[in-house]
Amino acid sequence: MNPYMPVDKQDADEVMPDGIEFPEESTEIPDESTKKTMDSWSISKIWNEQIDQGEERPVKPREKMWASELGKSDLDIYLKLIGTEVSNPFDSRARRKFEAGNLFEWIVKLILMRCGIYKESQRWIGYKLEDCLEVSGKLDHLAGGMPKYAEAMKEIEALALPEMFTRATAKILEYFKENYSGGLPEQGIEVKSTSSFGIEKVYFTGKGLAGHDLQTFHYSFNTKLPFTLLYICRDDLRMAEIQISPDDKDLLEKYQNKIRSVTKWYKDKTEPPKEPEIVFEEITGKFTKNFNTEYSGYLTRNYDVANPDEFNEKFGGLVESWNRVLTRIKDGKELTENNKGKIEEMTKFGFDLETIKAKL
């Protein structure tokens with residue numbers, strides 16, 4: 001089935017119900033007046049143009065890190081701090097993903113407001129570790145309090161949202177009423193949109209993606225409030241939540257170590273080393289392309305690769321073949337000559353097979 005075809009589209013060979021005939025095909029060419037009445041108006045062209053016209057802000061030297069950068073490589077952050085222009089600016093596809101994320105963030109805000117538990121959005125949160133660069137960022141939403149149950153459903157229905165949103169909101173309100181009779185404690189919500197692949201990874205690992213946990217921890221730690229890292233899948237609207245506590249000692253260590261690391265490079269005026277193109281993830285027990293590398297704004301500058309598509313062509317197949325070898329090892333199967341060749345490739349990339357085997 002064509003995934004782009006509307007679900008109620010009839011197949012071309014489907015017959016009309018009894019008693020109804022197909023109209024005879026006309027060979028007459030409509031005159032100009034008829035053409036005008038047949039013309040339809042369109043919004044897609046203007047919509048697409050407005051998304052495509054979005055521009056990245058120029059890179060200017062600065063002395064603070066953004067919270068959204070905490071998951072990126074030290075090298076990328078350093079280059080941004082000293083004002084180095086990116087070699088790979090956002091393309092149209094990346095901008096569309098960004099705007100999809102903004103849309104989901106707005107929908108969540110709208111529902112919080114209509115439920116009567118919305119507090120605020122986009123508050124700047126800063127943090128200054130001693131002798132280090134400042135970190136700053138804007139949180140998505142803060143919410144809490146006593147929902148206005150009777151009024152909330154009327155408010156939601158008045159929005160004329162799709163039936164699924166109305167139904168889901170009603171169940172959420174019902175859940176709040178049954179479990180939080182004294183009102184909801186205040187907490188933050190950081191909204192992220194992702195693909196089916198991304199949300200499956202969140203389900204499997206129970207961890208945030210691409211440093212989102214560090215970004216969210218920045219807000220949680222500095223407001224002393226618990227936060228929910230809320231993922232919404234762009235493909236099928238599934239949600240996943242990661243709870244972030246202001247008292248998480250592991251995240252605090254990672255957070256402060258990241259700040260210290262970038263600060264040292266910046267103060268020493270020394271360019272950090274490049275991250276590898278391929279990494280081994282202990283939590284999944286698999287090799288994977290390095291997200292920080294594949295989607296770096298400095299991909300061409302640092303790795304001499306034109307774009308993410310070329311990066312995938314160069315390293316995607318390699319990762320898959322290495323993972324097949326790991327599967328054979330886990331299954332206790334004998335290694336082929338080809339498998340042994342792949343192990344030599346891993347070694348050339350700096351991986352130690354015995355160390356990896358111990359982690360499988």
# chains A, B, ... in the order shown; residues from 1 in each chain; ligands from 1

$ closest_atom_pairs --of "stretch 116-223 of chain A" --to "stretch 281-296 of chain A" --cutoff "12 Å" --atoms "only C-alpha atoms" --output "CSV"
residue,atom,partner,partner_atom,distance
A:Gly198,CA,A:Phe291,CA,11.6
A:Glu200,CA,A:Thr284,CA,11.9
A:Lys201,CA,A:Thr284,CA,9.0
A:Val202,CA,A:Thr284,CA,11.2
A:Tyr203,CA,A:Thr284,CA,11.7
A:Phe204,CA,A:Thr284,CA,8.3
A:Thr205,CA,A:Ile283,CA,6.7
A:Gly206,CA,A:Ile283,CA,9.8
A:Lys207,CA,A:Ile283,CA,9.5
A:Leu209,CA,A:Phe291,CA,9.6
A:Ala210,CA,A:Phe291,CA,7.3
A:Gly211,CA,A:Asn292,CA,9.8

$ write_last_selection --atoms "C-alpha atoms" --output "PDB file, in the first residue's frame"
ATOM      1  CA  GLY A 198      14.724   7.450  18.184  1.00  0.00           C
ATOM      2  CA  GLU A 200      12.421   2.900  20.091  1.00  0.00           C
ATOM      3  CA  LYS A 201      15.918   3.598  21.403  1.00  0.00           C
ATOM      4  CA  VAL A 202      14.451   5.595  24.315  1.00  0.00           C
ATOM      5  CA  TYR A 203      12.129   2.681  25.144  1.00  0.00           C
ATOM      6  CA  PHE A 204      14.984   0.172  24.963  1.00  0.00           C
ATOM      7  CA  THR A 205      17.634   2.119  26.910  1.00  0.00           C
ATOM      8  CA  GLY A 206      15.481   4.232  29.227  1.00  0.00           C
ATOM      9  CA  LYS A 207      17.902   7.065  28.483  1.00  0.00           C
ATOM     10  CA  LEU A 209      19.019  10.998  23.255  1.00  0.00           C
ATOM     11  CA  ALA A 210      21.831  13.259  22.066  1.00  0.00           C
ATOM     12  CA  GLY A 211      22.570  14.865  25.422  1.00  0.00           C
TER      13      GLY A 211
END

$ select_by_dssp --residues "stretch 239-271 of chain A" --states "alpha helix (DSSP H)" --output "VMD selection string"
chain A and resid 249 to 268

$ closest_residue --among "A:Lys357, A:Lys192, A:Arg167, A:Lys72" --to "A:Leu214" --atoms "only C-alpha atoms"
A:Lys72

$ closest_residue --among "A:Pro185, A:Asn323, A:Leu139, A:Ser195" --to "A:Phe221" --atoms "only C-alpha atoms"
A:Leu139

$ residues_around --residues "A:Leu173" --least-positions-apart "6" --cutoff "8 Å" --atoms "only C-alpha atoms" --output "list in words"
Cys115, Pro147 and Tyr149 of chain A

$ select_by_dssp --residues "stretch 222-348 of chain A" --states "strand (DSSP E or B)" --output "PDB file with C-alpha atoms, in the first residue's frame"
ATOM      1  CA  PHE A 227      11.698  17.498  35.216  1.00  0.00           C
ATOM      2  CA  THR A 228      10.143  15.198  32.648  1.00  0.00           C
ATOM      3  CA  LEU A 229      12.046  14.747  29.391  1.00  0.00           C
ATOM      4  CA  LEU A 230       9.059  14.141  27.126  1.00  0.00           C
ATOM      5  CA  TYR A 231       9.614  12.568  23.702  1.00  0.00           C
ATOM      6  CA  ILE A 232       6.929  12.642  21.009  1.00  0.00           C
ATOM      7  CA  CYS A 233       7.399  10.536  17.884  1.00  0.00           C
ATOM      8  CA  MET A 239       5.287   9.308  23.744  1.00  0.00           C
ATOM      9  CA  ALA A 240       8.113   8.347  26.067  1.00  0.00           C
ATOM     10  CA  GLU A 241       9.154   9.984  29.328  1.00  0.00           C
ATOM     11  CA  ILE A 242      12.487  10.111  31.120  1.00  0.00           C
ATOM     12  CA  GLN A 243      12.378  11.423  34.680  1.00  0.00           C
ATOM     13  CA  ILE A 244      15.218  13.805  35.576  1.00  0.00           C
ATOM     14  CA  ILE A 278      31.938   5.114  15.011  1.00  0.00           C
ATOM     15  CA  VAL A 279      31.352   4.355  18.701  1.00  0.00           C
ATOM     16  CA  PHE A 280      30.474   1.258  20.723  1.00  0.00           C
ATOM     17  CA  GLU A 281      27.396   1.637  22.952  1.00  0.00           C
ATOM     18  CA  LYS A 286      26.349  -2.557  19.433  1.00  0.00           C
ATOM     19  CA  PHE A 287      28.458  -0.327  17.256  1.00  0.00           C
ATOM     20  CA  THR A 288      26.724   2.787  15.987  1.00  0.00           C
ATOM     21  CA  LYS A 289      27.528   5.834  13.917  1.00  0.00           C
TER      22      LYS A 289
END

$ closest_residue --among "A:Leu251, A:Val305, A:Leu133, A:Ala94" --to "A:Thr194" --atoms "only C-alpha atoms"
A:Ala94

$ residues_around --residues "A:Asp76" --least-positions-apart "5" --cutoff "12 Å" --atoms "only C-alpha atoms" --output "PyMOL selection string"
chain A and resi 59+65+69-71+81-88+262+265-266+271-275+292-293+295-299+301-302

$ closest_residue --among "A:Thr216, A:Gln187, A:Ser68, A:Ser181" --to "A:Ile117" --atoms "only C-alpha atoms"
A:Gln187

$ residues_around --residues "A:Leu326" --least-positions-apart "3" --cutoff "10 Å" --atoms "only C-alpha atoms" --output "ChimeraX atom specification"
/A:285-287,320-323,329-332,339,343,353,356-357,360

$ atom_distance --atom1 "atom CA of A:Lys119" --atom2 "atom CA of A:Gly144"
6.9 Å
